Structures are given as structure tokens and as C-alpha cells.
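Notes for the one structure printed next.
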Amino acid sequence: LEAIYASEKTLPFVTKDGVNITIQMNAGLALDLPFLDGTGASGVGLFRTELQFLIGSQLPSVAMQEALYREALDLANGKPVIFRTADIGGDKTAPYMDHGNEVNPAMGWRGARMAVDRPGMIRPQLRALLSAATDQTLWVMFPFITLTAEVDEIKALLDLEIDRARRHGKGLPKDIKIGVMIETPAAAWRAELIAQKVDFLSVGGNDLAQFYFAADRDSERVQRRYDPMNGGFLSFLKNTVEKVSRTGTPLSYCGEQTADAVTAAALIAVGVRQFSLPAAFVGPFRRLVRSIDVGEASAWMAEHSIAPEATLRPSFKQYLRDAG
Ligand code: PEP
Ligand code: MG
């Protein structure tokens with residue numbers, strides 16, 4: 001199978017009816033980067049920087065962070081790498097940090113909240129990113145935004161680090177692209193306002209679905225209720241995509257629901273045109289893209305997502321089969 005995917009890796013991500021889909025890859029370690037060329041992905045759409053924070057026994061130094069980012073950029077060989085600042089907290093706790101006694105850590109002190117409240121952690125990270133991307137374009141993305149004001153607060157922290165680098169006579173990236181994750185219903189509801197403050201957005205479908213359904217993404221008991229093929233959720237996504245597209249700010253989808261071909265096709269049908277997915281999903285995803293007629297699938301979805309069915313999975317799967 002790998003040989004088949006390898007022979008297909010230069011085929012463009014274009015649907016049957018000629019719609020271009022952009023595919024990037026999720027990563028978290030330098031080890032993931034060599035897959036970039038192998039898959040034909042156009043860059044890294046989500047580099048989960050917190051992994052480095054979680055594997056050590058103490059906070060990684062600026063030098064260690066910078067070395068990792070530099071290595072990732074070198075291995076990407078000119079393709080963009082979107083570094084997501086550390087989303088620690090929730091399901092990702094660092095042993096050396098005091099996470100307090102939160103009953104619901106997924107809704108607790110994490111991501112952008114921690115960054116804004118305790119800049120002592122994000123500022124060194126931003127320093128490392130600015131330095132690693134000297135003379136290149138730096139792509140940086142902030143996780144777990146709920147309020148539009150948090151976008152301003154976090155951008156102000158980046159400005160402080162840019163000023164600091166200038167004062168110290170350090171080199172800087174030649175361009176900086178700032179993005180945020182849309183992974184809370186609050187951010188999705190205000191996505192149009194957030195889009196106007198940044199260069200790009202990425203929907204974190206893992207968390208967004210968790211909070212949309214109020215169903216823990218890791219709990220087996222509520223797994224049935226965490227269903228990205230629910231018509232309500234799909235129309236919620238469609239609404240978000242449409243609001244953002246009016247602003248012209250690019251939006252991608254980096255949740256791992258793309259593991260399932262039916263769901264991935266549904267995401268295309270509600271208007272997503274850019275994805276970031278684990279390397280292993282890219283080959284099958286290319287096949288899916290090349291087999292789908294977006295015009296027809298979108299029409300199907302528009303008609304069916306308003307139905308009160310619990311899940312559209314079986315009917316959409318049947319539609320895809322019939323459509324060939
Ligand atoms: C997400 O929430 O969809 C996401 C990509 O981030 P993570 O899975 O790291 O929370
Ligand atoms: Mg997330």
C-alpha cells in the first residue's frame with residue numbers, strides 16, 4: 001500500500017470537479033519532518049511545540065527550544081512550519097508544573113490563558129521562535145483562544161519580544177504570520193472578528209467538537225455523543241467557514257477527525273479547503289480528495305445537515321458510495 005501511495009505522491013490534491021485542496025501535515029517532533037517530502041504535503045500546518053515541554057523533567061531552555069525549531073525549519077527545507085505555542089494543561093500536563101486542582105482541566109488554565117496570565121513561559125518560547133526563524137518567515141499560532149481580546153493580549157506579548165530582540169541587536173524573521181486556533185465554540189461564534197486580527201486560522205476540531213457537544217474527547221462513555229458527523233456540528237462548522245471566508249483570512253482544519261474518510265469528505269462538503277493531518281493520513285486523503293465532487297457533496301450536505309438525525313454518517317457514507 002505504501003508503494004501505491006508513494007507512486008501517487010506527486011498527484012495534486014484536486015477534486016473531481018476541479019477544486020484545489022491544500023494539505024499540510026501535523027507534527028510535534030523533529031522526527032516527523034522527514035515525512036513532509038514523502039507525503040507531498042505543502043508544509044506543517046500544526047507543530048505541537050508542547051511535546052518538548054512534556055517529555056522533559058523541567059522546562060526546556062530557550063536554547064533547547066530554539067534548536068528544535070531550527071531543526072524543524074531546516075528539515076522542512078523552505079516549506080512553511082506553523083509552530084503552535086505550547087498548549088499545556090487540559091489533557092497535556094507537565095510533571096514539573098503546578099496545574100492546581102482543577103476538576104475540569106480541559107476547560108481550565110491552558111493554552112492562551114496560561115500564556116496571557118503567566119507570560120514567563122510564552123515569552124521565552126516566542127524569543128526562541130523569533131531567533132530560530134531569523135531571515136525567514138515565522139508562522140506562529142496560538143491555541144485555545146476563547147475571547148477576541150486574548151488575541152490582542154497575546155499579540156502584545158509577541159511585540160514585546162520583537163522589541164527585545166531589536167534592543168539586543170538580534171536578527172529577526174523577515175516576515176511574521178500570526179494565526180490562532182478556533183477550538184472553542186466561543187471563538188467559532190466570533191470567528192469573523194478574530195479573523196480580522198490575524199493572518200490565518202486553524203480549526204482544532206478535536207477540542208471544538210469536545211466543547212460543542214460538552215463531551216470529553218477522551219471519555220469512552222460519551223464517545224457516541226462526540227460525533228463530528230452530527231448535522232448540527234457540521235452546519236456549525238459551515239457557518240464558521242462561511243463567516244471567515246467573508247474576511248479573506250485563510251482557514252484550515254487540523255483536528256484528527258480526518259482519520260475517517262467519511263468525516264473528511266463531510267468537512268470538504270461544508271467548505272473546508274485546507275487541512276493539516278498526521279502524515280499517515282495524507283495518502284488516503286489524497287485519494288479521497290480526487291474521488292469527491294465538491295459541488296454535489298455540498299448540495300447533499302446542505303439538504304441533509306438540517307435533518308434531525310443523530311448522525312449523518314451512514315447516509316453520507318451511502319451517498320459517497322453511490323457517487324462512486
Ligand atoms: C485540536 O484540538 O483539534 C487540536 C488540533 O489540538 P490538540 O489536539 O493538540 O488539542
Ligand atoms: Mg486543541
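By order of appearance in the C-alpha cells: chains A, B, ..., then residues from 1 within every chain, and ligands from 1 in the order shown.
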Cut-off 9 Å, only C-alpha atoms and all ligand atoms, neighbours of ligand 2 as a list in words: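 With only C-alpha atoms and all ligand atoms and a cut-off of 9 Å, ligand 2 is contacted by Asp87, Gly111, Pro143, Phe144, Met181, Ile182, Glu183, Thr184, Val203, Gly204, Gly205, Asn206, Asp207, Leu208, Cys254 and Gly255 of chain A.
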Expected file contents, prior selection, N, CA and C atoms, as a compact mmCIF listing (two decimals), in the first residue's frame:
# COMPACT_ATOMS: atom_id res chain seq x y z
N ASP A 87 0.48 24.31 24.25
CA ASP A 87 -0.85 24.18 24.85
C ASP A 87 -0.74 23.15 25.97
N GLY A 111 -3.36 26.67 27.30
CA GLY A 111 -3.20 27.41 26.04
C GLY A 111 -2.98 28.90 26.25
N PRO A 143 -2.94 28.66 20.66
CA PRO A 143 -4.03 27.72 20.93
C PRO A 143 -5.05 28.23 21.95
N PHE A 144 -6.19 27.61 21.92
CA PHE A 144 -7.21 27.75 22.95
C PHE A 144 -7.59 29.19 23.25
N MET A 181 -5.98 29.31 16.84
CA MET A 181 -6.83 28.14 16.68
C MET A 181 -8.26 28.48 17.04
N ILE A 182 -9.14 27.98 16.23
CA ILE A 182 -10.57 28.08 16.54
C ILE A 182 -10.94 26.72 17.10
N GLU A 183 -10.96 26.62 18.42
CA GLU A 183 -11.22 25.31 19.02
C GLU A 183 -12.14 25.40 20.23
N THR A 184 -12.78 26.54 20.36
CA THR A 184 -13.85 26.67 21.37
C THR A 184 -15.06 27.25 20.64
N VAL A 203 -8.90 25.48 12.54
CA VAL A 203 -9.94 24.88 13.40
C VAL A 203 -9.35 23.65 14.08
N GLY A 204 -9.33 23.67 15.40
CA GLY A 204 -8.90 22.49 16.16
C GLY A 204 -10.14 21.66 16.46
N GLY A 205 -10.45 20.80 15.53
CA GLY A 205 -11.71 20.05 15.62
C GLY A 205 -11.79 19.11 16.81
N ASN A 206 -10.63 18.67 17.33
CA ASN A 206 -10.65 17.76 18.48
C ASN A 206 -11.29 18.45 19.68
N ASP A 207 -10.79 19.65 19.96
CA ASP A 207 -11.35 20.40 21.08
C ASP A 207 -12.69 21.02 20.72
N LEU A 208 -12.81 21.53 19.50
CA LEU A 208 -14.07 22.20 19.15
C LEU A 208 -15.26 21.25 19.30
N CYS A 254 -7.32 21.32 11.50
CA CYS A 254 -6.23 20.43 11.91
C CYS A 254 -6.69 19.36 12.90
N GLY A 255 -7.98 19.25 13.15
CA GLY A 255 -8.46 18.18 14.05
C GLY A 255 -8.26 16.82 13.40
Quick one: residues within 12 Å of Gln210 in chain A, only C-alpha atoms counted, chain neighbours fewer than 3 positions away excluded, as a VMD selection string? chain A and resid 90 106 to 107 183 to 185 204 to 207 213 to 219 222 to 228 233 255 257
Can you list, as a PyMOL selection string, all residues belonging to range 135-298 of chain A that DSSP tags as helix (DSSP H, G or I)? chain A and resi 148-167+185-189+191-195+205-212+220-225+231-245+256-259+261-269+279-291+294-298
Name the closest residue to ligand 1 among the candidates A:Glu66, A:Asp91, A:Asp74, A:Asp199; distances are taken between atoms, counting only C-alpha atoms and all ligand atoms.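 That would be A:Asp91, the residue with the smallest distance to ligand 1.
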Considering only C-alpha atoms, return as number ranges by chain whatever protein or nucleic-acid residues lie within 12 Å of His304 in chain A, sequence-local ones (same chain, fewer than 5 positions apart) excluded. A: 229-232, 234-235, 266, 269-270, 297-299, 309-316, 319
What's the 12 Å shell around Gln125 in chain A, counting only C-alpha atoms, without same-chain residues fewer than 3 positions away, as a PyMOL selection string? chain A and resi 49-50+52-53+59-69+83-87+115+119-122+128-132+140+142+157-158+161
The residue from A:Ala72, A:Val180, A:Leu138, A:Ala133 with the smallest atom-to-atom distance to ligand 1, counting only C-alpha atoms and all ligand atoms, is A:Val180
Quick one: distance from CA of Leu51 in chain A to CA of Arg190 in chain A in Å, one decimal? 29.0 Å
What does the distance from CA of Leu277 in chain A to CA of Gln24 in chain A come to in Å, to one decimal?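 Distance between the two atoms: 6.4 Å.
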Counting only C-alpha atoms, the option among A:Leu11, A:Met141, A:Val282, A:Ala187 closest to Leu46 in chain A: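 Closest residue, counting only C-alpha atoms: A:Met141.
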All strand (DSSP E or B) residues (DSSP, backbone) inside range 116-163 of chain A, as a PyMOL selection string: chain A and resi 137-142
Take the selection from the previous step and output its residues with C-alpha atoms, as a tab-separated table (two decimals), in the first residue's frame.
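As a result, part_0.tsv now contains:
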chain	number	residue	atom	x	y	z
A	137	THR	CA	9.01	33.74	7.55
A	138	LEU	CA	7.90	32.79	11.04
A	139	TRP	CA	4.49	31.14	11.25
A	140	VAL	CA	3.21	31.16	14.81
A	141	MET	CA	-0.18	30.01	16.05
A	142	PHE	CA	-1.83	30.44	19.44
Range 208-264 of chain A residues near range 290-294 of chain A within 12 Å, closest pair each, using only C-alpha atoms, as a Markdown table:
| residue | atom | partner | partner_atom | distance |
| --- | --- | --- | --- | --- |
| A:Ala261 | CA | A:Ile292 | CA | 10.9 |
| A:Val262 | CA | A:Ile292 | CA | 10.8 |
| A:Ala264 | CA | A:Ile292 | CA | 10.6 |
From the list A:Lys174, A:Lys243, A:Arg164, A:Lys92, which residue is nearest ligand 1 when using only C-alpha atoms and all ligand atoms?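 Closest to ligand 1 of all the choices is A:Lys92.
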